[in-house]
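Shown here: coords.txt, compact mmCIF, C-alpha atoms.
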```txt
# COMPACT_ATOMS: atom_id res chain seq x y z
CA MET A 1 -14.45 -17.41 18.67
CA LYS A 2 -14.38 -14.51 16.27
CA GLU A 3 -17.15 -12.67 14.51
CA ILE A 4 -16.96 -12.67 10.71
CA GLU A 5 -19.49 -10.63 8.79
CA VAL A 6 -20.32 -9.16 5.43
CA LYS A 7 -22.34 -6.06 4.77
CA ALA A 8 -24.22 -4.62 1.80
CA ARG A 9 -26.39 -1.66 0.98
CA ILE A 10 -30.01 -2.57 0.36
CA ALA A 11 -31.28 -1.40 -3.01
CA ASP A 12 -34.83 -2.77 -2.68
CA LYS A 13 -35.70 -3.24 0.98
CA ALA A 14 -39.24 -4.56 0.44
CA ALA A 15 -38.02 -7.27 -1.93
CA LEU A 16 -35.21 -8.30 0.39
CA LEU A 17 -37.52 -8.51 3.42
CA GLN A 18 -39.92 -10.61 1.35
CA LYS A 19 -37.13 -13.07 0.44
CA LEU A 20 -36.07 -13.35 4.07
CA GLU A 21 -39.66 -14.15 5.07
CA GLU A 22 -39.82 -16.81 2.36
CA LEU A 23 -36.71 -18.42 3.92
CA GLY A 24 -38.48 -18.48 7.28
CA CYS A 25 -36.23 -15.77 8.71
CA HIS A 26 -38.47 -13.62 10.89
CA LEU A 27 -36.92 -10.33 11.90
CA SER A 28 -37.37 -8.80 15.34
CA GLU A 29 -38.99 -5.46 16.02
CA PRO A 30 -36.55 -2.55 15.45
CA VAL A 31 -34.20 -1.80 18.33
CA SER A 32 -32.41 1.54 18.66
CA GLN A 33 -28.60 1.35 18.95
CA LYS A 34 -26.57 4.48 19.63
CA ASP A 35 -22.86 3.89 19.15
CA ARG A 36 -19.81 6.01 19.82
CA VAL A 37 -16.61 4.69 18.29
CA PHE A 38 -13.10 5.47 19.54
CA VAL A 39 -9.76 4.81 17.86
CA PRO A 40 -6.18 5.32 19.07
CA ASN A 41 -4.83 8.87 18.88
CA GLY A 42 -2.81 9.27 15.70
CA ALA A 43 -4.10 6.10 14.02
CA PRO A 44 -5.14 6.46 10.37
CA LEU A 45 -8.74 5.74 9.35
CA PRO A 46 -9.67 3.06 8.57
CA VAL A 47 -7.39 1.75 11.29
CA PRO A 48 -4.80 -0.86 10.23
CA ASN A 49 -5.56 -4.51 10.97
CA GLY A 50 -4.82 -5.43 14.57
CA THR A 51 -5.57 -1.92 15.87
CA ASN A 52 -7.94 -1.76 18.83
CA VAL A 53 -11.24 0.01 18.26
CA LEU A 54 -13.48 0.80 21.24
CA ARG A 55 -17.23 1.27 21.16
CA ILE A 56 -19.83 2.45 23.64
CA ARG A 57 -23.30 1.22 22.69
CA GLU A 58 -26.53 2.36 24.33
CA GLN A 59 -29.36 -0.04 23.66
CA GLY A 60 -32.56 -0.74 25.58
CA GLY A 61 -31.40 1.10 28.68
CA LYS A 62 -28.12 -0.82 28.79
CA ILE A 63 -24.64 0.49 28.07
CA ILE A 64 -22.09 -1.89 26.60
CA PHE A 65 -18.38 -1.26 26.15
CA THR A 66 -16.93 -3.34 23.31
CA LEU A 67 -13.33 -3.82 22.30
CA LYS A 68 -12.94 -4.78 18.66
CA GLN A 69 -9.68 -5.98 17.20
CA PRO A 70 -9.92 -6.10 13.39
CA LEU A 71 -8.00 -9.11 12.05
CA THR A 72 -7.90 -9.35 8.27
CA ASN A 73 -10.33 -6.50 7.61
CA GLN A 74 -12.87 -4.28 9.42
CA LEU A 75 -15.59 -6.90 9.26
CA ASP A 76 -13.46 -9.70 10.70
CA CYS A 77 -12.92 -8.96 14.39
CA ILE A 78 -12.27 -10.35 17.83
CA GLU A 79 -14.81 -8.77 20.20
CA ARG A 80 -14.89 -8.47 23.98
CA GLU A 81 -17.78 -6.88 25.84
CA LEU A 82 -18.36 -5.35 29.24
CA ALA A 83 -21.61 -3.94 30.62
CA ILE A 84 -21.06 -0.56 32.28
CA ASP A 85 -23.21 2.05 33.98
CA ASP A 86 -21.97 5.40 32.68
CA ALA A 87 -21.21 6.17 29.02
CA GLU A 88 -19.68 9.59 29.74
CA ALA A 89 -17.27 8.25 32.37
CA MET A 90 -16.24 5.49 29.96
CA ALA A 91 -15.65 8.06 27.19
CA ASP A 92 -13.51 10.13 29.58
CA ILE A 93 -11.49 7.04 30.49
CA PHE A 94 -10.98 6.23 26.80
CA GLY A 95 -9.54 9.74 26.44
CA LEU A 96 -7.06 9.07 29.24
CA LEU A 97 -6.16 5.74 27.63
CA GLY A 98 -5.22 7.58 24.41
CA PHE A 99 -8.34 7.11 22.26
CA TRP A 100 -10.46 9.73 20.49
CA GLU A 101 -14.05 9.60 19.32
CA SER A 102 -14.00 9.08 15.54
CA ALA A 103 -17.70 8.59 14.85
CA ARG A 104 -21.24 8.39 16.20
CA VAL A 105 -23.60 5.95 14.55
CA ASN A 106 -27.32 5.78 15.35
CA LYS A 107 -29.41 3.05 13.84
CA LEU A 108 -32.54 0.94 14.09
CA ARG A 109 -31.68 -2.74 13.93
CA ARG A 110 -33.89 -5.74 13.21
CA LYS A 111 -32.35 -9.14 13.83
CA GLY A 112 -33.11 -12.64 12.66
CA LYS A 113 -31.54 -16.11 12.33
CA HIS A 114 -31.14 -18.35 9.36
CA GLN A 115 -29.39 -21.66 10.06
CA ASP A 116 -26.08 -20.67 11.71
CA LEU A 117 -26.21 -17.13 10.37
CA GLU A 118 -27.23 -14.02 12.25
CA ILE A 119 -28.91 -11.48 10.04
CA CYS A 120 -29.27 -7.78 10.81
CA VAL A 121 -31.25 -5.30 8.75
CA ASP A 122 -30.22 -1.80 9.74
CA GLU A 123 -31.63 1.64 9.07
CA VAL A 124 -28.65 3.88 9.77
CA ASP A 125 -29.09 7.63 10.30
CA GLU A 126 -27.57 9.55 7.37
CA LEU A 127 -26.26 6.37 5.69
CA GLY A 128 -29.39 4.43 4.67
CA SER A 129 -30.43 0.76 4.71
CA PHE A 130 -28.00 -2.13 5.06
CA ILE A 131 -27.99 -5.85 5.64
CA GLU A 132 -25.30 -7.63 7.63
CA VAL A 133 -24.82 -11.37 7.83
CA GLU A 134 -22.63 -12.66 10.59
CA LYS A 135 -21.19 -15.97 11.65
CA LEU A 136 -19.12 -16.97 14.66
CA ALA A 137 -16.12 -19.05 13.70
CA GLU A 138 -13.23 -20.57 15.63
CA SER A 139 -10.23 -20.16 13.39
CA ALA A 140 -11.68 -20.54 9.93
CA ASP A 141 -10.25 -18.77 6.90
CA SER A 142 -11.99 -15.39 7.16
CA ALA A 143 -11.98 -14.60 3.42
CA GLU A 144 -13.52 -18.00 2.66
CA VAL A 145 -16.24 -17.47 5.28
CA GLN A 146 -16.92 -13.95 3.98
CA ASP A 147 -17.32 -15.32 0.45
CA GLU A 148 -19.76 -17.93 1.76
CA LEU A 149 -21.71 -15.22 3.60
CA PHE A 150 -21.85 -12.98 0.55
CA GLY A 151 -23.03 -15.95 -1.51
CA PHE A 152 -26.02 -16.10 0.82
CA LEU A 153 -26.66 -12.37 0.31
CA LYS A 154 -26.66 -12.89 -3.46
CA THR A 155 -29.55 -15.33 -3.04
CA LEU A 156 -31.45 -12.41 -1.49
CA GLY A 157 -30.87 -10.27 -4.58
CA VAL A 158 -27.86 -8.34 -3.30
CA GLY A 159 -25.38 -7.52 -6.04
CA GLU A 160 -21.59 -7.28 -5.90
CA GLU A 161 -21.91 -3.51 -6.47
CA ASP A 162 -23.85 -3.21 -3.19
CA ARG A 163 -21.13 -4.84 -1.11
CA VAL A 164 -19.62 -2.60 1.57
CA HIS A 165 -16.24 -3.32 3.11
CA ASP A 166 -16.23 -0.53 5.70
CA GLY A 167 -17.82 -0.54 9.14
CA TYR A 168 -20.55 2.02 9.82
CA ASP A 169 -18.11 4.16 11.81
CA ILE A 170 -15.81 4.44 8.79
CA LEU A 171 -18.73 5.06 6.41
CA MET A 172 -19.89 7.83 8.74
CA TYR A 173 -16.37 9.26 9.02
CA LYS A 174 -16.05 9.28 5.21
CA LEU A 175 -19.47 10.89 4.84
CA LYS A 176 -18.66 13.65 7.33
CA ASN A 177 -15.29 14.33 5.74
CA SER A 178 -16.73 14.42 2.23
CA GLN A 179 -19.14 17.11 3.45
CA THR A 180 -16.42 19.39 4.86
CA MET B 1 -13.42 18.14 41.54
CA ILE B 2 -9.94 17.16 42.60
CA GLU B 3 -9.23 14.64 45.32
CA VAL B 4 -6.57 15.83 47.77
CA GLU B 5 -5.23 13.09 49.98
CA ILE B 6 -2.66 12.49 52.68
CA ARG B 7 -1.57 9.17 54.03
CA GLY B 8 0.27 8.05 57.16
CA GLN B 9 1.63 4.77 58.40
CA LEU B 10 0.17 3.33 61.60
CA THR B 11 1.24 0.74 64.12
CA ALA B 12 -1.25 -1.98 65.04
CA GLY B 13 -1.96 -0.05 68.24
CA GLN B 14 -2.48 3.25 66.43
CA TYR B 15 -4.76 1.47 63.96
CA GLU B 16 -7.07 0.20 66.71
CA LYS B 17 -6.96 3.51 68.56
CA LEU B 18 -7.80 5.53 65.43
CA LYS B 19 -10.70 3.26 64.53
CA GLY B 20 -11.99 3.54 68.08
CA PHE B 21 -11.74 7.34 68.06
CA LEU B 22 -13.36 7.79 64.65
CA GLY B 23 -16.07 5.28 65.54
CA GLN B 24 -16.94 7.24 68.66
CA ASN B 25 -16.48 10.79 67.41
CA GLY B 26 -17.12 10.55 63.69
CA LYS B 27 -19.57 8.73 61.48
CA HIS B 28 -18.79 5.21 60.33
CA LEU B 29 -19.60 5.18 56.60
CA LYS B 30 -18.75 1.60 55.63
CA SER B 31 -16.28 -1.25 55.92
CA PHE B 32 -15.13 -3.23 52.93
CA ASN B 33 -12.61 -5.69 51.53
CA ARG B 34 -11.06 -4.84 48.23
CA GLU B 35 -8.99 -6.71 45.66
CA MET B 36 -7.38 -4.34 43.25
CA TYR B 37 -5.22 -4.60 40.14
CA MET B 38 -3.13 -1.55 39.39
CA LEU B 39 -1.95 -1.83 35.81
CA CYS B 40 1.81 -1.55 35.42
CA ASP B 41 4.78 -2.07 33.13
CA TYR B 42 2.94 -0.79 30.03
CA PRO B 43 4.70 1.64 27.65
CA GLY B 44 4.88 5.02 29.41
CA TYR B 45 4.29 3.52 32.86
CA ASP B 46 6.34 5.28 35.53
CA HIS B 47 7.26 3.06 38.47
CA ASP B 48 7.69 6.14 40.67
CA PRO B 49 4.26 6.87 42.21
CA ILE B 50 5.15 10.53 42.75
CA SER B 51 5.86 11.28 39.12
CA ARG B 52 3.37 8.85 37.57
CA GLU B 53 0.84 10.79 35.48
CA THR B 54 -1.99 8.25 35.42
CA ASP B 55 -3.05 5.28 37.54
CA ILE B 56 -5.39 2.69 36.04
CA ARG B 57 -6.99 0.35 38.55
CA LEU B 58 -9.51 -2.48 38.38
CA LYS B 59 -11.25 -2.83 41.73
CA ASP B 60 -13.43 -5.55 43.19
CA THR B 61 -14.94 -4.17 46.39
CA ASP B 62 -17.00 -6.93 47.98
CA GLY B 63 -18.23 -7.96 44.51
CA VAL B 64 -18.83 -4.43 43.20
CA CYS B 65 -16.41 -4.01 40.30
CA THR B 66 -15.13 -0.72 38.97
CA ILE B 67 -12.51 0.73 36.65
CA VAL B 68 -10.78 3.70 38.25
CA VAL B 69 -8.46 6.10 36.46
CA LYS B 70 -6.61 8.70 38.51
CA LYS B 71 -4.77 11.52 36.83
CA LYS B 72 -2.08 13.59 38.52
CA MET B 73 -3.09 17.23 39.02
CA SER B 74 -0.25 18.59 41.16
CA ASP B 75 3.39 18.11 42.04
CA HIS B 76 4.09 15.08 44.25
CA ASN B 77 0.74 13.52 43.24
CA VAL B 78 -1.05 15.02 46.28
CA GLY B 79 -4.02 16.13 44.15
CA ARG B 80 -5.58 13.88 41.51
CA THR B 81 -8.75 13.76 39.45
CA GLU B 82 -10.49 10.45 39.71
CA MET B 83 -12.86 8.81 37.26
CA GLU B 84 -14.68 5.72 38.45
CA LEU B 85 -16.82 3.50 36.25
CA LYS B 86 -19.02 0.82 37.73
CA LEU B 87 -19.23 -2.48 35.86
CA GLU B 88 -22.37 -4.62 35.72
CA ASP B 89 -20.26 -7.78 36.23
CA ASN B 90 -19.51 -8.89 39.78
CA THR B 91 -16.08 -10.22 38.85
CA LEU B 92 -13.15 -8.53 37.11
CA ASP B 93 -12.63 -11.38 34.62
CA SER B 94 -14.03 -9.57 31.56
CA ALA B 95 -12.39 -6.26 32.49
CA ARG B 96 -9.04 -7.99 32.92
CA ALA B 97 -9.44 -9.70 29.52
CA ILE B 98 -10.24 -6.38 27.84
CA PHE B 99 -7.32 -4.52 29.37
CA ARG B 100 -5.05 -7.47 28.54
CA ALA B 101 -6.22 -7.21 24.91
CA LEU B 102 -5.55 -3.47 25.05
CA GLY B 103 -1.92 -4.26 25.83
CA TYR B 104 -1.91 -3.95 29.62
CA GLY B 105 -0.37 -7.30 30.44
CA ARG B 106 0.89 -6.84 34.01
CA ALA B 107 -0.59 -5.53 37.22
CA LEU B 108 0.14 -5.10 40.89
CA LYS B 109 -2.45 -7.12 42.81
CA MET B 110 -3.38 -5.58 46.15
CA GLN B 111 -5.73 -6.67 48.93
CA ARG B 112 -6.94 -4.25 51.57
CA SER B 113 -9.50 -4.16 54.38
CA THR B 114 -10.81 -0.66 54.97
CA ASP B 115 -13.02 1.10 57.50
CA LEU B 116 -14.30 4.41 56.23
CA TYR B 117 -15.38 7.29 58.48
CA GLU B 118 -16.32 10.94 58.21
CA TYR B 119 -14.94 13.22 60.88
CA ASN B 120 -14.68 17.03 60.84
CA GLY B 121 -15.78 17.12 57.20
CA ILE B 122 -12.95 14.83 56.13
CA GLU B 123 -13.17 11.25 54.85
CA TRP B 124 -10.86 8.99 56.81
CA ALA B 125 -9.96 5.53 55.55
CA VAL B 126 -8.30 3.24 58.09
CA VAL B 127 -6.64 0.43 56.18
CA ARG B 128 -5.19 -2.97 57.03
CA THR B 129 -3.22 -5.24 54.70
CA PRO B 130 -3.20 -9.07 54.82
CA LYS B 131 0.34 -9.20 56.21
CA GLY B 132 -0.21 -6.63 58.94
CA HIS B 133 0.68 -3.22 57.57
CA TYR B 134 -1.60 -0.40 58.66
CA TYR B 135 -2.17 3.11 57.41
CA TYR B 136 -4.73 5.86 57.19
CA GLU B 137 -5.80 8.05 54.28
CA ALA B 138 -7.53 11.39 54.78
CA GLU B 139 -9.24 12.95 51.80
CA LEU B 140 -10.95 16.17 50.78
CA GLN B 141 -12.56 17.11 47.48
CA THR B 142 -11.72 20.57 46.19
CA GLU B 143 -11.37 22.74 43.12
CA GLN B 144 -7.96 23.33 41.54
CA GLU B 145 -7.37 26.61 43.41
CA GLY B 146 -8.19 25.05 46.78
CA MET B 147 -5.64 22.24 46.64
CA ALA B 148 -2.93 23.81 48.82
CA ALA B 149 -5.45 24.88 51.48
CA ALA B 150 -7.06 21.45 51.46
CA HIS B 151 -3.69 19.82 51.94
CA GLN B 152 -2.89 22.11 54.89
CA THR B 153 -6.28 21.33 56.44
CA LEU B 154 -5.69 17.60 56.14
CA VAL B 155 -2.22 17.78 57.71
CA ALA B 156 -3.51 19.98 60.56
CA GLU B 157 -6.47 17.69 61.27
CA ALA B 158 -4.18 14.65 61.26
CA GLU B 159 -1.83 16.38 63.71
CA LYS B 160 -4.77 17.05 66.03
CA LEU B 161 -5.30 13.28 66.13
CA GLY B 162 -1.62 12.68 66.79
CA LEU B 163 -1.04 11.34 63.30
CA GLU B 164 1.85 12.08 61.02
CA ALA B 165 1.35 12.61 57.31
CA LEU B 166 3.93 11.09 55.02
CA LYS B 167 5.94 13.57 53.00
CA PRO B 168 6.19 12.82 49.25
CA GLU B 169 9.48 10.91 49.50
CA GLU B 170 8.27 9.04 52.60
CA MET B 171 5.08 8.18 50.73
CA ARG B 172 7.10 6.79 47.85
CA ASP B 173 9.18 4.66 50.25
CA PHE B 174 6.03 3.40 51.98
CA LEU B 175 4.42 2.47 48.65
CA TYR B 176 7.60 0.65 47.64
CA LEU B 177 7.50 -1.18 50.98
CA LEU B 178 3.92 -2.28 50.29
CA ASP B 179 4.90 -3.32 46.75
CA ASP B 180 7.70 -5.41 48.20
CA LYS B 181 5.95 -6.95 51.19
CA GLU B 182 2.25 -6.96 50.35
CA ASN B 183 1.51 -6.50 46.68
CA GLU B 184 2.03 -9.15 44.08
CA LYS B 185 3.01 -8.51 40.49
CA VAL B 186 0.77 -10.70 38.31
CA ASP B 187 -0.19 -11.26 34.69
CA LEU B 188 -3.45 -9.49 34.05
```
So, in terms of structure tokens, how does the structure I just supplied come out?
Amino acid sequence: MKEIEVKARIADKAALLQKLEELGCHLSEPVSQKDRVFVPNGAPLPVPNGTNVLRIREQGGKIIFTLKQPLTNQLDCIERELAIDDAEAMADIFGLLGFWESARVNKLRRKGKHQDLEICVDEVDELGSFIEVEKLAESADSAEVQDELFGFLKTLGVGEEDRVHDGYDILMYKLKNSQT
Amino acid sequence: MIEVEIRGQLTAGQYEKLKGFLGQNGKHLKSFNREMYMLCDYPGYDHDPISRETDIRLKDTDGVCTIVVKKKMSDHNVGRTEMELKLEDNTLDSARAIFRALGYGRALKMQRSTDLYEYNGIEWAVVRTPKGHYYYEAELQTEQEGMAAAHQTLVAEAEKLGLEALKPEEMRDFLYLLDDKENEKVDL
């Protein structure tokens, strides 16, 4: 199974939340997620398709190590997860494995379900408000699934101009580099 | 801290005698069975344990799973820094899948039964393999500048117990023997 998602900036959060409620999609209470993202030494950003990206996520007292392998784009990935007990030790091991920390992303996430879609509304430090819609698929055409997912976002009032093709780590990296 | 370690081969008789001595005169810390996968054959992997810069191991010690990375800190690999990360899983299945996806496709699978003691401020591991090879490991933790002194202390303490410490080339030969007779090269 692979995770296929689309992402968009939220222009009018209150209106979007209202439309989700009308669809019967009730969002959870916000959960804090603190992510550190690591990419291979020497790899360009955004990393080319097929490049391994590692993440350490701290959430609700748990620490999760995730390996992401982007397939056709950053939002179309194979993911593997492992619960660990020490974020710093994991970061040190990533260093020895030839990865460097490219970004830190802190956000508050609210999650909900609509049919077979997982919906996340995120408030990301320094980046703003976003909505992600995600679907697990076996070997479906990723572009086709992403179009279907964005079609759903359009019904919530999201416009093509709001669509974001980068992951939060890349958005954060671009933001930091535009500031220096 | 840097882990300074010596190792010596034992006969079956020496193995029993050393366990008996350490049990009586030292403190028995724990006994455990371990299945371990030492990643190998990846780009940059050096088959020679003396010159290898980094060891990456996935360990299952009686259901407690860890990732261990050891980095060479001295000539002959006598001193190494060790980073150990405990996993929440009680099997190595997910860890193996992740490292496989990271490009580490092959590993040396090892099984060991170990009795661990503390004696004279040194940690002594007395180890048995499934096919009847025996050895001890003596270990001290030290700072970089104390590595040579720690190594001398370990060798002297082993001699007091009538034990020989393998020299670097002997260590390499012994590890090759274990690779040949005990360890199994497997797909991760």
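In this comparison, which uses all atoms listed in the file, the residue of A:Arg110, A:Lys62, A:Lys176, A:Arg163 approaching chain B most closely is A:Lys62.
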- Query: What is the distance between CA of Ala103 (chain A) and CA of Pro30 (chain A), in Å to one decimal?
  - Reply: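 Between these atoms lies a distance of 21.9 Å.
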- Could you give me, as a list in words, the residues within 8 Å of Ala12 (chain B), counting all atoms listed in the file and dropping anything in the same chain fewer than 4 positions from it? Glu16, Gly132, His133 and Tyr134 of chain B
Closest pair table for chain B residues within 12 Å of chain A, all atoms listed in the file, as a tab-separated table:
```
residue	atom	partner	partner_atom	distance
B:Leu39	CA	A:Leu97	CA	11.9
B:Tyr42	CA	A:Leu97	CA	11.5
B:Pro43	CA	A:Leu97	CA	11.6
B:Gly44	CA	A:Leu97	CA	11.2
B:Tyr45	CA	A:Leu97	CA	11.9
B:Glu53	CA	A:Leu96	CA	10.2
B:Thr54	CA	A:Leu96	CA	8.0
B:Asp55	CA	A:Leu96	CA	10.0
B:Ile56	CA	A:Leu97	CA	9.0
B:Arg57	CA	A:Ile93	CA	11.4
B:Val64	CA	A:Ile84	CA	11.8
B:Cys65	CA	A:Ile84	CA	9.9
B:Thr66	CA	A:Ile84	CA	8.9
B:Ile67	CA	A:Ile93	CA	8.9
B:Val68	CA	A:Ile93	CA	8.5
B:Val69	CA	A:Ile93	CA	6.8
B:Lys70	CA	A:Leu96	CA	9.3
B:Lys71	CA	A:Leu96	CA	8.3
B:Lys72	CA	A:Leu96	CA	11.5
B:Thr81	CA	A:Leu96	CA	11.4
B:Glu82	CA	A:Ile93	CA	9.9
B:Met83	CA	A:Ala89	CA	6.6
B:Glu84	CA	A:Ala89	CA	7.1
B:Leu85	CA	A:Ala89	CA	6.1
B:Lys86	CA	A:Asp85	CA	5.8
B:Leu87	CA	A:Ile84	CA	4.5
B:Glu88	CA	A:Ala83	CA	5.2
B:Asp89	CA	A:Ala83	CA	6.9
B:Asn90	CA	A:Ala83	CA	10.6
B:Thr91	CA	A:Leu82	CA	11.0
B:Leu92	CA	A:Leu82	CA	10.0
B:Asp93	CA	A:Leu82	CA	9.9
B:Ser94	CA	A:Leu82	CA	6.5
B:Ala95	CA	A:Leu82	CA	6.9
B:Arg96	CA	A:Leu82	CA	10.4
B:Ala97	CA	A:Arg80	CA	7.9
B:Ile98	CA	A:Arg80	CA	6.4
B:Phe99	CA	A:Leu67	CA	9.3
B:Arg100	CA	A:Arg80	CA	10.9
B:Ala101	CA	A:Leu67	CA	8.3
B:Leu102	CA	A:Asn52	CA	6.9
B:Gly103	CA	A:Asn52	CA	9.6
B:Tyr104	CA	A:Leu97	CA	10.8
```
- Counting all atoms listed in the file, the option among B:Ile50, B:Leu163, B:Leu58, B:Leu188 closest to Tyr135 (chain B):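 Once distances to Tyr135 (chain B) are computed over all atoms listed in the file, the minimum belongs to B:Leu163.
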- Which polymer residues have any atom within 7 Å of an atom of Glu101 (chain A), counting only C-alpha atoms, with same-chain residues fewer than 4 positions away left out, as a ChimeraX atom specification? /A:36-39
Limited to C-alpha atoms, could you put the picked residues into a file as a short mmCIF file (atom, residue, chain, number, x, y, z; two decimals), in the coordinates of the input?
```
data_model
loop_
_atom_site.label_atom_id
_atom_site.label_comp_id
_atom_site.auth_asym_id
_atom_site.auth_seq_id
_atom_site.Cartn_x
_atom_site.Cartn_y
_atom_site.Cartn_z
CA ARG A 36 -19.81 6.01 19.82
CA VAL A 37 -16.61 4.69 18.29
CA PHE A 38 -13.10 5.47 19.54
CA VAL A 39 -9.76 4.81 17.86
#
```
- Counting only C-alpha atoms, the residue of A:Glu134, A:Asp141, A:Asp125, A:Glu148 that sits nearest Asp169 (chain A): A:Asp125
- What does the distance from CA of Lys174 (chain A) to CA of Leu127 (chain A) come to in Å, to one decimal?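 Straight-line distance from CA of Lys174 (chain A) to CA of Leu127 (chain A) works out to 10.6 Å.
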